[in-house]
$ cat model_12.tsv   # TSV, C-alpha atoms
chain	number	residue	atom	x	y	z
L	1	ARG	CA	5.08	5.17	19.02
L	2	LYS	CA	4.90	4.21	15.35
L	3	GLU	CA	1.88	5.41	13.40
L	4	VAL	CA	0.78	1.89	12.54
L	5	GLU	CA	2.35	-1.12	14.20
L	6	GLN	CA	2.02	-4.81	13.50
L	7	ASP	CA	3.73	-7.96	14.70
L	8	PRO	CA	5.91	-8.91	11.70
L	9	GLY	CA	5.62	-12.64	12.38
L	10	PRO	CA	6.03	-15.00	10.72
L	11	PHE	CA	3.03	-16.84	12.04
L	12	ASN	CA	3.34	-20.54	11.19
L	13	VAL	CA	-0.10	-22.06	11.56
L	14	PRO	CA	-1.40	-25.54	10.63
L	15	GLU	CA	-4.08	-25.74	8.01
L	16	GLY	CA	-7.56	-25.53	9.52
L	17	ALA	CA	-6.49	-23.52	12.55
L	18	THR	CA	-7.75	-20.09	13.52
L	19	VAL	CA	-5.28	-17.23	13.49
L	20	ALA	CA	-5.62	-13.66	14.71
L	21	PHE	CA	-3.57	-10.54	13.98
L	22	ASN	CA	-3.64	-7.26	15.81
L	23	CYS	CA	-2.58	-3.85	14.65
L	24	THR	CA	-2.24	-0.68	16.74
L	25	TYR	CA	-2.36	2.89	15.50
L	26	SER	CA	-1.21	6.07	17.17
L	27	ASN	CA	-3.46	8.79	15.74
L	28	SER	CA	-6.78	8.88	17.53
L	29	ALA	CA	-8.22	10.98	14.68
L	30	SER	CA	-7.79	8.11	12.23
L	31	GLN	CA	-10.94	7.62	10.26
L	32	SER	CA	-10.82	4.51	8.12
L	33	PHE	CA	-9.20	1.15	8.55
L	34	PHE	CA	-8.42	-1.69	6.21
L	35	TRP	CA	-6.68	-5.00	5.86
L	36	TYR	CA	-4.77	-5.60	2.65
L	37	ARG	CA	-3.24	-8.86	1.53
L	38	GLN	CA	0.07	-9.04	-0.30
L	39	ASP	CA	1.42	-12.19	-1.90
L	40	CYS	CA	5.15	-12.56	-2.37
L	41	ARG	CA	6.48	-10.12	-4.97
L	42	LYS	CA	2.96	-9.02	-5.88
L	43	GLU	CA	0.98	-5.86	-5.32
L	44	PRO	CA	-1.17	-5.33	-2.20
L	45	LYS	CA	-4.87	-5.97	-2.66
L	46	LEU	CA	-7.76	-4.93	-0.45
L	47	LEU	CA	-8.96	-7.79	1.73
L	48	MET	CA	-11.59	-5.93	3.71
L	49	SER	CA	-12.49	-2.63	5.25
L	50	VAL	CA	-12.91	-2.47	9.01
L	51	TYR	CA	-16.02	-0.86	10.44
L	52	SER	CA	-16.78	0.22	13.97
L	53	SER	CA	-19.40	-2.46	14.31
L	54	GLY	CA	-17.04	-5.13	13.08
L	55	ASN	CA	-17.53	-6.98	9.85
L	56	GLU	CA	-17.30	-10.48	8.54
L	57	ASP	CA	-16.61	-11.87	5.08
L	58	GLY	CA	-16.71	-15.62	4.96
L	59	ARG	CA	-13.85	-16.96	7.08
L	60	PHE	CA	-12.51	-13.46	7.78
L	61	THR	CA	-13.64	-11.20	10.59
L	62	ALA	CA	-12.33	-7.70	11.26
L	63	GLN	CA	-12.82	-5.71	14.44
L	64	LEU	CA	-12.08	-2.12	15.42
L	65	ASN	CA	-11.48	-0.92	18.97
L	66	ARG	CA	-11.27	2.88	18.89
L	67	ALA	CA	-10.82	3.24	22.63
L	68	SER	CA	-7.68	1.10	22.60
L	69	GLN	CA	-6.70	2.13	19.07
L	70	TYR	CA	-6.31	-1.26	17.53
L	71	ILE	CA	-7.83	-3.33	14.78
L	72	SER	CA	-7.81	-7.07	14.43
L	73	LEU	CA	-8.19	-9.69	11.75
L	74	LEU	CA	-9.39	-13.21	12.48
L	75	ILE	CA	-9.05	-16.01	9.94
L	76	ARG	CA	-11.01	-19.17	10.67
L	77	ASP	CA	-10.43	-22.59	9.12
L	78	SER	CA	-7.21	-21.36	7.51
L	79	LYS	CA	-6.31	-22.60	4.03
L	80	LEU	CA	-2.93	-23.03	2.37
L	81	SER	CA	-3.95	-20.21	0.02
L	82	ASP	CA	-4.18	-17.82	2.99
L	83	SER	CA	-0.39	-17.78	3.18
L	84	ALA	CA	0.57	-14.16	2.51
L	85	THR	CA	1.55	-10.93	4.21
L	86	TYR	CA	-1.33	-9.02	5.77
L	87	LEU	CA	-1.01	-5.25	5.85
L	88	CYS	CA	-2.87	-3.11	8.34
L	89	VAL	CA	-3.83	0.20	6.73
L	90	VAL	CA	-5.09	3.32	8.47
L	91	ASN	CA	-6.46	6.44	6.86
L	92	MET	CA	-5.81	9.77	8.56
L	93	ALA	CA	-7.41	13.06	7.63
L	94	PHE	CA	-5.49	16.32	7.66
L	95	MET	CA	-6.53	19.95	7.56
L	96	ASN	CA	-4.40	21.08	4.63
L	97	ARG	CA	-4.29	18.06	2.37
L	98	ASP	CA	-6.28	15.11	1.37
L	99	ASP	CA	-6.32	12.19	3.70
L	100	LYS	CA	-3.19	10.11	4.03
L	101	ILE	CA	-3.02	6.35	4.03
L	102	ILE	CA	-0.50	4.79	6.40
L	103	PHE	CA	0.58	1.19	5.89
L	104	GLY	CA	1.82	-1.12	8.58
L	105	LYS	CA	4.88	-3.17	7.73
L	106	GLY	CA	2.82	-6.32	7.49
L	107	THR	CA	2.45	-9.65	9.26
L	108	ARG	CA	3.64	-12.74	7.42
L	109	LEU	CA	1.44	-15.80	7.64
L	110	HIS	CA	2.49	-19.30	6.62
L	111	ILE	CA	-0.20	-21.97	6.60
L	112	LEU	CA	1.39	-25.38	7.05
L	113	PRO	CA	-0.08	-28.51	5.41
O	1	GLU	CA	-10.63	-4.34	-17.23
O	2	ALA	CA	-10.00	-1.73	-14.54
O	3	GLN	CA	-6.31	-1.67	-13.79
O	4	VAL	CA	-3.11	0.16	-13.01
O	5	THR	CA	-0.19	-0.68	-15.29
O	6	GLN	CA	3.50	-0.03	-14.72
O	7	ASN	CA	6.47	-0.35	-17.03
O	8	PRO	CA	9.01	-1.73	-16.94
O	9	ARG	CA	8.33	-4.53	-14.49
O	10	TYR	CA	12.02	-5.23	-13.97
O	11	LEU	CA	14.97	-2.93	-14.54
O	12	ILE	CA	18.67	-3.18	-13.81
O	13	THR	CA	20.59	0.01	-14.38
O	14	VAL	CA	23.77	1.77	-13.31
O	15	THR	CA	24.35	4.71	-11.02
O	16	GLY	CA	23.61	8.05	-12.62
O	17	LYS	CA	21.71	6.87	-15.68
O	18	LYS	CA	18.36	8.66	-15.79
O	19	LEU	CA	15.31	6.45	-15.93
O	20	THR	CA	11.53	6.76	-15.98
O	21	VAL	CA	8.98	4.28	-14.69
O	22	THR	CA	5.60	4.78	-16.27
O	23	CYS	CA	2.27	4.36	-14.54
O	24	SER	CA	-1.14	4.47	-16.14
O	25	GLN	CA	-4.67	3.86	-14.85
O	26	ASN	CA	-7.91	3.48	-16.77
O	27	MET	CA	-10.37	4.15	-13.94
O	28	ASN	CA	-10.51	7.95	-14.22
O	29	HIS	CA	-9.05	8.26	-10.72
O	30	GLU	CA	-7.96	11.69	-9.54
O	31	TYR	CA	-5.56	10.49	-6.85
O	32	MET	CA	-2.33	8.68	-7.75
O	33	SER	CA	0.69	7.75	-5.64
O	34	TRP	CA	4.09	6.18	-5.86
O	35	TYR	CA	5.40	3.93	-3.12
O	36	ARG	CA	8.60	2.06	-2.54
O	37	GLN	CA	8.71	-1.14	-0.52
O	38	ASP	CA	11.84	-2.34	1.22
O	39	PRO	CA	12.38	-5.29	3.59
O	40	GLY	CA	11.65	-4.28	7.16
O	41	LEU	CA	10.44	-0.83	6.17
O	42	GLY	CA	7.11	-1.57	4.55
O	43	LEU	CA	5.44	0.68	1.99
O	44	ARG	CA	6.56	4.28	2.01
O	45	GLN	CA	4.97	6.99	-0.07
O	46	ILE	CA	7.33	8.85	-2.44
O	47	TYR	CA	5.02	11.33	-4.16
O	48	TYR	CA	1.32	11.72	-4.67
O	49	SER	CA	-0.96	13.68	-6.96
O	50	MET	CA	-4.49	14.81	-6.20
O	51	ASN	CA	-5.24	15.76	-9.79
O	52	VAL	CA	-3.72	16.93	-13.07
O	53	GLU	CA	-0.82	19.35	-12.54
O	54	VAL	CA	-1.04	18.88	-8.75
O	55	THR	CA	1.74	16.89	-7.13
O	56	ASP	CA	3.20	16.82	-3.64
O	57	LYS	CA	5.92	15.10	-1.67
O	58	GLY	CA	5.27	12.00	0.33
O	59	ASP	CA	7.50	10.64	3.06
O	60	VAL	CA	10.60	9.79	1.00
O	61	PRO	CA	10.73	12.12	-2.04
O	62	GLU	CA	14.50	12.71	-2.20
O	63	GLY	CA	16.01	11.59	-5.49
O	64	TYR	CA	12.69	11.33	-7.30
O	65	LYS	CA	10.52	13.49	-9.53
O	66	VAL	CA	7.01	13.04	-10.84
O	67	SER	CA	4.70	14.75	-13.27
O	68	ARG	CA	0.95	14.67	-13.85
O	69	LYS	CA	0.19	16.15	-17.26
O	70	GLU	CA	-2.72	13.84	-17.89
O	71	LYS	CA	-5.17	12.28	-15.51
O	72	ARG	CA	-4.33	8.72	-16.41
O	73	ASN	CA	-0.50	8.91	-16.31
O	74	PHE	CA	1.84	9.49	-13.40
O	75	PRO	CA	5.47	8.72	-14.32
O	76	LEU	CA	8.22	8.40	-11.73
O	77	ILE	CA	11.56	9.87	-12.75
O	78	LEU	CA	14.95	9.11	-11.26
O	79	GLU	CA	17.29	11.77	-12.63
O	80	SER	CA	20.46	10.21	-11.21
O	81	PRO	CA	19.71	6.83	-9.67
O	82	SER	CA	21.83	5.59	-6.80
O	83	PRO	CA	22.15	2.11	-5.24
O	84	ASN	CA	19.99	3.13	-2.26
O	85	GLN	CA	17.09	3.47	-4.69
O	86	THR	CA	17.18	-0.24	-5.37
O	87	SER	CA	13.69	-1.26	-4.34
O	88	LEU	CA	10.27	-2.53	-5.35
O	89	TYR	CA	8.11	0.34	-6.58
O	90	PHE	CA	4.32	0.46	-6.70
O	91	CYS	CA	2.04	2.94	-8.35
O	92	ALA	CA	-1.47	3.25	-6.94
O	93	SER	CA	-4.64	5.13	-7.74
O	94	ARG	CA	-8.04	5.84	-6.24
O	95	LEU	CA	-10.83	8.36	-6.38
O	96	ARG	CA	-10.07	11.59	-4.60
O	97	GLY	CA	-11.70	12.06	-1.27
O	98	LEU	CA	-11.82	10.06	1.87
O	99	ALA	CA	-10.29	6.65	1.45
O	100	GLY	CA	-12.64	4.18	2.98
O	101	ALA	CA	-15.75	5.79	1.63
O	102	ALA	CA	-17.82	3.22	-0.16
O	103	GLY	CA	-16.06	2.19	-3.33
O	104	ASN	CA	-12.92	4.23	-2.70
O	105	GLU	CA	-10.47	1.36	-2.67
O	106	GLN	CA	-6.85	2.02	-3.56
O	107	PHE	CA	-5.67	-0.03	-6.57
O	108	PHE	CA	-2.03	-0.93	-7.01
O	109	GLY	CA	-0.02	-1.60	-10.12
O	110	PRO	CA	1.92	-4.88	-10.39
O	111	GLY	CA	5.18	-3.33	-9.21
O	112	THR	CA	8.54	-2.47	-10.74
O	113	ARG	CA	11.62	-4.13	-9.32
O	114	LEU	CA	14.54	-1.75	-9.77
O	115	THR	CA	18.18	-2.58	-9.18
O	116	VAL	CA	20.77	0.20	-9.35
O	117	LEU	CA	24.35	-1.03	-9.57

$ encode --input "model_12.tsv" --output "C-alpha cells"
Amino acid sequence: RKEVEQDPGPFNVPEGATVAFNCTYSNSASQSFFWYRQDCRKEPKLLMSVYSSGNEDGRFTAQLNRASQYISLLIRDSKLSDSATYLCVVNMAFMNRDDKIIFGKGTRLHILP
Amino acid sequence: EAQVTQNPRYLITVTGKKLTVTCSQNMNHEYMSWYRQDPGLGLRQIYYSMNVEVTDKGDVPEGYKVSRKEKRNFPLILESPSPNQTSLYFCASRLRGLAGAAGNEQFFGPGTRLTVL
C-alpha cells in the first residue's frame, strides 16, 4: 500500500456543484494532515490543515477519519478558480529524525463553466 | 515579504555540465528541502536540511548534492546532469519541529524547470 494515495482524476465538475476528494494513508502513526493546492506549473500552497474534529474554511471542509486512515476535502459551490490539483499531505514522525512530510500525487480538478 | 526564491526559474543544459540551482528564504526557517516533481510521480524529496551544516538524504538523492553554509541558503548542485534529471524542482522551507503545529506551514519556492539534453 502506498504511503499516501489519491485518485488522480481528473474530476470534471460543473460550476456550482459540490465535489469531494478522499485520500488514504498507510502509516497509522501519522500525526498531521493537510490539503495543498497546486496550480499548473506553480508551487504548492497550503489550502488547509485537517484536524481530528474536522474543520471548515468558507466553501471548503476537511475531515479526518483516523480509524479508517483517510482524509477528505469537500468543496461546495465550486468556482472556476477552484480548478487546480489538490495534494493530500501527511506528516509522519520518526524516532531518529525530524518528522517527514509525504505528498500524495494529487487529484486534478477541472471546474466547467 | 516572506518568501522562498529560486534561481534560475528555467534552465536548459547539456549532459555532464555542472549546474547549481540556488534557493534562499527570508523567514529564518531552520528546515529546508529540495523536491522534484514529475508527471505521475508527484513530489519526491531529494535532500533536506534541519539546520546549518546539517543535511541528509531524502527519497531520491542520487545525482544531487546540497550544502547549508548559511541558514537562509540551500543550493542544489548537479555535478554531472543527465537527461533523467529533467524535472520541475521546488525548494521549500519551514520552522523545525512538527509540521502541522500552529504556524508551521511549509513554504515553497516558485520552482525551477530544468531540461537536460

$ interface_residues --input "model_12.tsv" --of "chain O" --to "chain L" --cutoff "12 Å" --atoms "only C-alpha atoms" --output "ChimeraX atom specification"
/O:3-6,9-10,30-33,35-45,47-51,54-59,87-113

$ residues_around --input "model_12.tsv" --residues "range 72-84 of chain O" --least-positions-apart "5" --cutoff "9 Å" --atoms "all atoms listed in the file" --output "PyMOL selection string"
chain O and resi 6+13-30+32-34+47+49+52+63-67+91+115-117

$ write_last_selection --input "model_12.tsv" --atoms "C-alpha atoms" --output "compact mmCIF listing (two decimals), in the frame of the given file"
# COMPACT_ATOMS: atom_id res chain seq x y z
CA GLN O 6 3.50 -0.03 -14.72
CA THR O 13 20.59 0.01 -14.38
CA VAL O 14 23.77 1.77 -13.31
CA THR O 15 24.35 4.71 -11.02
CA GLY O 16 23.61 8.05 -12.62
CA LYS O 17 21.71 6.87 -15.68
CA LYS O 18 18.36 8.66 -15.79
CA LEU O 19 15.31 6.45 -15.93
CA THR O 20 11.53 6.76 -15.98
CA VAL O 21 8.98 4.28 -14.69
CA THR O 22 5.60 4.78 -16.27
CA CYS O 23 2.27 4.36 -14.54
CA SER O 24 -1.14 4.47 -16.14
CA GLN O 25 -4.67 3.86 -14.85
CA ASN O 26 -7.91 3.48 -16.77
CA MET O 27 -10.37 4.15 -13.94
CA ASN O 28 -10.51 7.95 -14.22
CA HIS O 29 -9.05 8.26 -10.72
CA GLU O 30 -7.96 11.69 -9.54
CA MET O 32 -2.33 8.68 -7.75
CA SER O 33 0.69 7.75 -5.64
CA TRP O 34 4.09 6.18 -5.86
CA TYR O 47 5.02 11.33 -4.16
CA SER O 49 -0.96 13.68 -6.96
CA VAL O 52 -3.72 16.93 -13.07
CA GLY O 63 16.01 11.59 -5.49
CA TYR O 64 12.69 11.33 -7.30
CA LYS O 65 10.52 13.49 -9.53
CA VAL O 66 7.01 13.04 -10.84
CA SER O 67 4.70 14.75 -13.27
CA CYS O 91 2.04 2.94 -8.35
CA THR O 115 18.18 -2.58 -9.18
CA VAL O 116 20.77 0.20 -9.35
CA LEU O 117 24.35 -1.03 -9.57

$ axis_aligned_box --input "model_12.tsv" --around "range 65-77 of chain L" --padding-each-side "6 Å" --output "lines of an AutoDock Vina configuration file"
center_x = -8.9
center_y = -9.7
center_z = 15.9
size_x = 17.2
size_y = 37.8
size_z = 25.5

$ residues_around --input "model_12.tsv" --residues "Thr107 in chain L" --least-positions-apart "2" --cutoff "7 Å" --atoms "only C-alpha atoms" --output "list in words"
Gln6, Asp7, Pro8, Gly9, Pro10, Thr85, Tyr86, Leu87 and Leu109 of chain L

$ atom_distance --input "model_12.tsv" --atom1 "CA of Trp35 in chain L" --atom2 "CA of Ser81 in chain L"
16.5 Å

$ atom_distance --input "model_12.tsv" --atom1 "CA of Leu114 in chain O" --atom2 "CA of Ala84 in chain L"
22.4 Å

$ atom_distance --input "model_12.tsv" --atom1 "CA of Pro14 in chain L" --atom2 "CA of Ile111 in chain L"
5.5 Å

$ closest_residue --input "model_12.tsv" --among "L:Arg37, L:Val13, L:Val4, L:Tyr25" --to "Asn65 in chain L" --atoms "only C-alpha atoms"
L:Tyr25

$ closest_residue --input "model_12.tsv" --among "L:Asp57, L:Asp82, L:Asp39, L:Glu5" --to "Leu112 in chain L" --atoms "all atoms listed in the file"
L:Asp82

$ closest_residue --input "model_12.tsv" --among "L:Asn12, L:Leu47, L:Asn27, L:Ala20" --to "Gln69 in chain L" --atoms "only C-alpha atoms"
L:Asn27

$ closest_residue --input "model_12.tsv" --among "L:Ser52, L:Glu15, L:Ser26, L:Glu3" --to "His110 in chain L" --atoms "all atoms listed in the file"
L:Glu15
